[in-house]
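Everything on this sheet refers to the single structure shown next.
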Amino acid sequence: MDLILWRHADAEEGGADPERRLSAKGRRQAKRAAAWLRKRLREDANVLVSPARRAIETADALTDHYRIVPQLDTGACASGILAAAGWPRGEGTVVVVGHQPTLGRAAALVLTGTEAEWSIKKGAVWWFRRSREEGSVEVALRAVMSPELL
């Protein structure tokens with residue numbers, strides 16, 4: 001299984017939190033990250049998105065085939081994000097578009113088995129792979145891409 005955690009891109013300040021839109025900078029970040037992902041994702045990847053407008057606008061840069069999942073909203077917990085994605089027992093590729101600090105906590109949980117306060121930059125992509133090798137399960141961090149590198 002591949003799990004991709006994608007933090008929403010830069011958003012405008014002010015207003016009701018669920019309705020905050022991407023800033024001009026955020027639209028550029030989302031477009032660059034989406035272009036990078038599109039070259040690497042399988043067509044059957046599942047994209048799960050927080051119901052917050054900025055997360056939806058981030059996902060829109062990649063595809064219009066995604067599912068809005070309330071468990072990925074701003075108040076989500078790390079284990080809830082992983083459960084929604086089917087990690088670690090799922091199959092295929094799942095892209096989760098969500099928020100800090102929960103995505104950082106989920107990344108720590110995936111790699112170390114313990115939640116920690118890890119920071120994922122706005123618009124960044126963290127790509128994990130779970131594989132079975134000779135009877136054991138391995139988790140690898142395949143890529144960390146920040147918008148500045150794309």
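We label chains A, B, ... in the order they appear in the structure tokens, count residues from 1 in each chain, and number ligands from 1 in the order shown.
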**OP:** List the neighbours of Asp2 of chain A out to 8 Å using only C-alpha atoms; skip same-chain residues closer than 5 positions along the sequence, and give me the result as an MDAnalysis selection string.
**Re:** chainID A and resid 91:94 127:130
Take the residues from that selection and put them in a file with N, CA and C atoms, as a JSON list (two decimals), in the first residue's frame.
[["chain", "number", "residue", "atom", "x", "y", "z"],
["A", 91, "GLU", "N", -4.90, -1.71, 0.26],
["A", 91, "GLU", "CA", -4.18, -2.00, -0.97],
["A", 91, "GLU", "C", -4.19, -0.76, -1.86],
["A", 92, "GLY", "N", -3.32, -0.73, -2.84],
["A", 92, "GLY", "CA", -3.30, 0.37, -3.80],
["A", 92, "GLY", "C", -2.68, 1.62, -3.22],
["A", 93, "THR", "N", -3.09, 2.76, -3.76],
["A", 93, "THR", "CA", -2.55, 4.05, -3.37],
["A", 93, "THR", "C", -3.68, 4.93, -2.85],
["A", 94, "VAL", "N", -3.44, 5.56, -1.70],
["A", 94, "VAL", "CA", -4.41, 6.49, -1.13],
["A", 94, "VAL", "C", -3.71, 7.81, -0.89],
["A", 127, "TRP", "N", 5.22, 10.70, 1.08],
["A", 127, "TRP", "CA", 4.80, 9.46, 0.43],
["A", 127, "TRP", "C", 5.41, 8.27, 1.16],
["A", 128, "PHE", "N", 4.54, 7.39, 1.67],
["A", 128, "PHE", "CA", 4.95, 6.19, 2.41],
["A", 128, "PHE", "C", 4.55, 4.94, 1.63],
["A", 129, "ARG", "N", 5.33, 3.88, 1.79],
["A", 129, "ARG", "CA", 4.99, 2.59, 1.19],
["A", 129, "ARG", "C", 5.12, 1.49, 2.22],
["A", 130, "ARG", "N", 4.08, 0.66, 2.30],
["A", 130, "ARG", "CA", 4.13, -0.53, 3.12],
["A", 130, "ARG", "C", 4.26, -1.71, 2.17]]
**OP:** Using only C-alpha atoms, determine which residues lie at most 10 Å from segment 36-41 of chain A, disregarding the query and same-chain residues fewer than 3 positions distant; provide the list as a ChimeraX atom specification.
**Re:** /A:2,4,30-33,44-46,61-63,93-95,125,145,147,150
Residues from last step as file, N, CA, C and O atoms, as a short mmCIF file (atom, residue, chain, number, x, y, z; two decimals), in the first residue's frame:
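Saved the output as again.cif:
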data_model
loop_
_atom_site.label_atom_id
_atom_site.label_comp_id
_atom_site.auth_asym_id
_atom_site.auth_seq_id
_atom_site.Cartn_x
_atom_site.Cartn_y
_atom_site.Cartn_z
N ASP A 2 0.49 2.22 -0.79
CA ASP A 2 1.13 3.52 -0.75
C ASP A 2 0.18 4.51 -0.08
O ASP A 2 -1.01 4.54 -0.40
N ILE A 4 -0.10 8.60 0.74
CA ILE A 4 0.45 9.93 0.45
C ILE A 4 -0.30 10.94 1.30
O ILE A 4 -1.53 11.04 1.21
N ALA A 30 -0.30 24.22 -5.07
CA ALA A 30 -1.14 23.05 -5.36
C ALA A 30 -0.91 22.58 -6.80
O ALA A 30 -0.82 21.37 -7.05
N LYS A 31 -0.79 23.50 -7.71
CA LYS A 31 -0.59 23.15 -9.12
C LYS A 31 0.74 22.42 -9.31
O LYS A 31 0.80 21.41 -10.02
N ARG A 32 1.80 22.91 -8.65
CA ARG A 32 3.12 22.27 -8.77
C ARG A 32 3.12 20.88 -8.15
O ARG A 32 3.64 19.92 -8.73
N ALA A 33 2.54 20.75 -6.95
CA ALA A 33 2.50 19.45 -6.29
C ALA A 33 1.65 18.47 -7.10
O ALA A 33 2.01 17.30 -7.25
N ASP A 44 -5.66 4.47 -10.63
CA ASP A 44 -6.66 3.99 -9.68
C ASP A 44 -6.43 4.48 -8.25
O ASP A 44 -7.03 3.96 -7.31
N ALA A 45 -5.57 5.48 -8.08
CA ALA A 45 -5.33 6.03 -6.73
C ALA A 45 -6.62 6.61 -6.17
O ALA A 45 -7.39 7.24 -6.89
N ASN A 46 -6.86 6.37 -4.89
CA ASN A 46 -8.00 6.95 -4.19
C ASN A 46 -7.56 8.25 -3.53
O ASN A 46 -6.56 8.27 -2.83
N ALA A 61 -6.63 20.66 -7.87
CA ALA A 61 -5.48 20.84 -8.75
C ALA A 61 -5.02 19.49 -9.31
O ALA A 61 -4.42 19.45 -10.39
N LEU A 62 -5.32 18.40 -8.59
CA LEU A 62 -4.89 17.07 -9.02
C LEU A 62 -5.95 16.35 -9.83
O LEU A 62 -5.66 15.76 -10.87
N THR A 63 -7.19 16.40 -9.36
CA THR A 63 -8.25 15.60 -9.98
C THR A 63 -9.62 16.11 -9.56
O THR A 63 -9.73 16.84 -8.57
N THR A 93 -3.09 2.76 -3.76
CA THR A 93 -2.55 4.05 -3.37
C THR A 93 -3.68 4.93 -2.85
O THR A 93 -4.71 5.05 -3.50
N VAL A 94 -3.44 5.56 -1.70
CA VAL A 94 -4.41 6.49 -1.13
C VAL A 94 -3.71 7.81 -0.89
O VAL A 94 -2.65 7.86 -0.25
N VAL A 95 -4.30 8.88 -1.41
CA VAL A 95 -3.82 10.24 -1.18
C VAL A 95 -4.78 10.89 -0.19
O VAL A 95 -5.98 10.90 -0.41
N VAL A 125 4.13 17.15 0.23
CA VAL A 125 3.68 15.77 0.02
C VAL A 125 4.66 14.84 0.72
O VAL A 125 5.88 14.95 0.52
N MET A 145 8.31 15.99 -0.54
CA MET A 145 8.47 17.08 -1.48
C MET A 145 7.76 18.31 -0.93
O MET A 145 6.57 18.26 -0.63
N PRO A 147 6.77 22.43 -1.69
CA PRO A 147 6.51 23.21 -2.91
C PRO A 147 7.75 23.90 -3.48
O PRO A 147 7.87 24.06 -4.68
N LEU A 150 9.57 21.73 -6.04
CA LEU A 150 8.84 21.27 -7.24
C LEU A 150 8.94 22.26 -8.37
O LEU A 150 9.12 23.41 -8.21
#
Original post:
Which value, in Å to one decimal, gives the distance between atom CA of Glu117 of chain A and atom CA of Thr102 of chain A?
Top reply: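 Separation of atom CA of Glu117 of chain A and atom CA of Thr102 of chain A: 8.6 Å.
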Subject >> DSSP alpha helix (DSSP H) residues within chain A, listed as a ChimeraX atom specification >> reply: /A:24-38,53-60,78-85,102-112
Original post:
Which neighbours of Ser131 of chain A fall inside 12 Å, counting only C-alpha atoms, when residues of the same chain fewer than 2 positions from it are skipped, and could you give them as a count of residues only?
Top reply: 21
Show me, as CSV, the residues of segment 2-94 of chain A having an atom within 12 Å of segment 112-116 of chain A, each with the closest atom pair and its distance in Å, using only C-alpha atoms.
residue,atom,partner,partner_atom,distance
A:Cys77,CA,A:Glu115,CA,10.0
A:Ala78,CA,A:Glu115,CA,7.5
A:Ser79,CA,A:Glu115,CA,8.9
A:Leu82,CA,A:Glu115,CA,11.9
A:Pro88,CA,A:Gly113,CA,11.5
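The two atoms in question, atom CA of Glu13 of chain A and atom CA of Gly26 of chain A, are spaced 11.8 Å apart.
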Subject >> Atom pair atom CA of Val144 of chain A / atom CA of Arg21 of chain A: separation (Å) >> reply: 24.3 Å
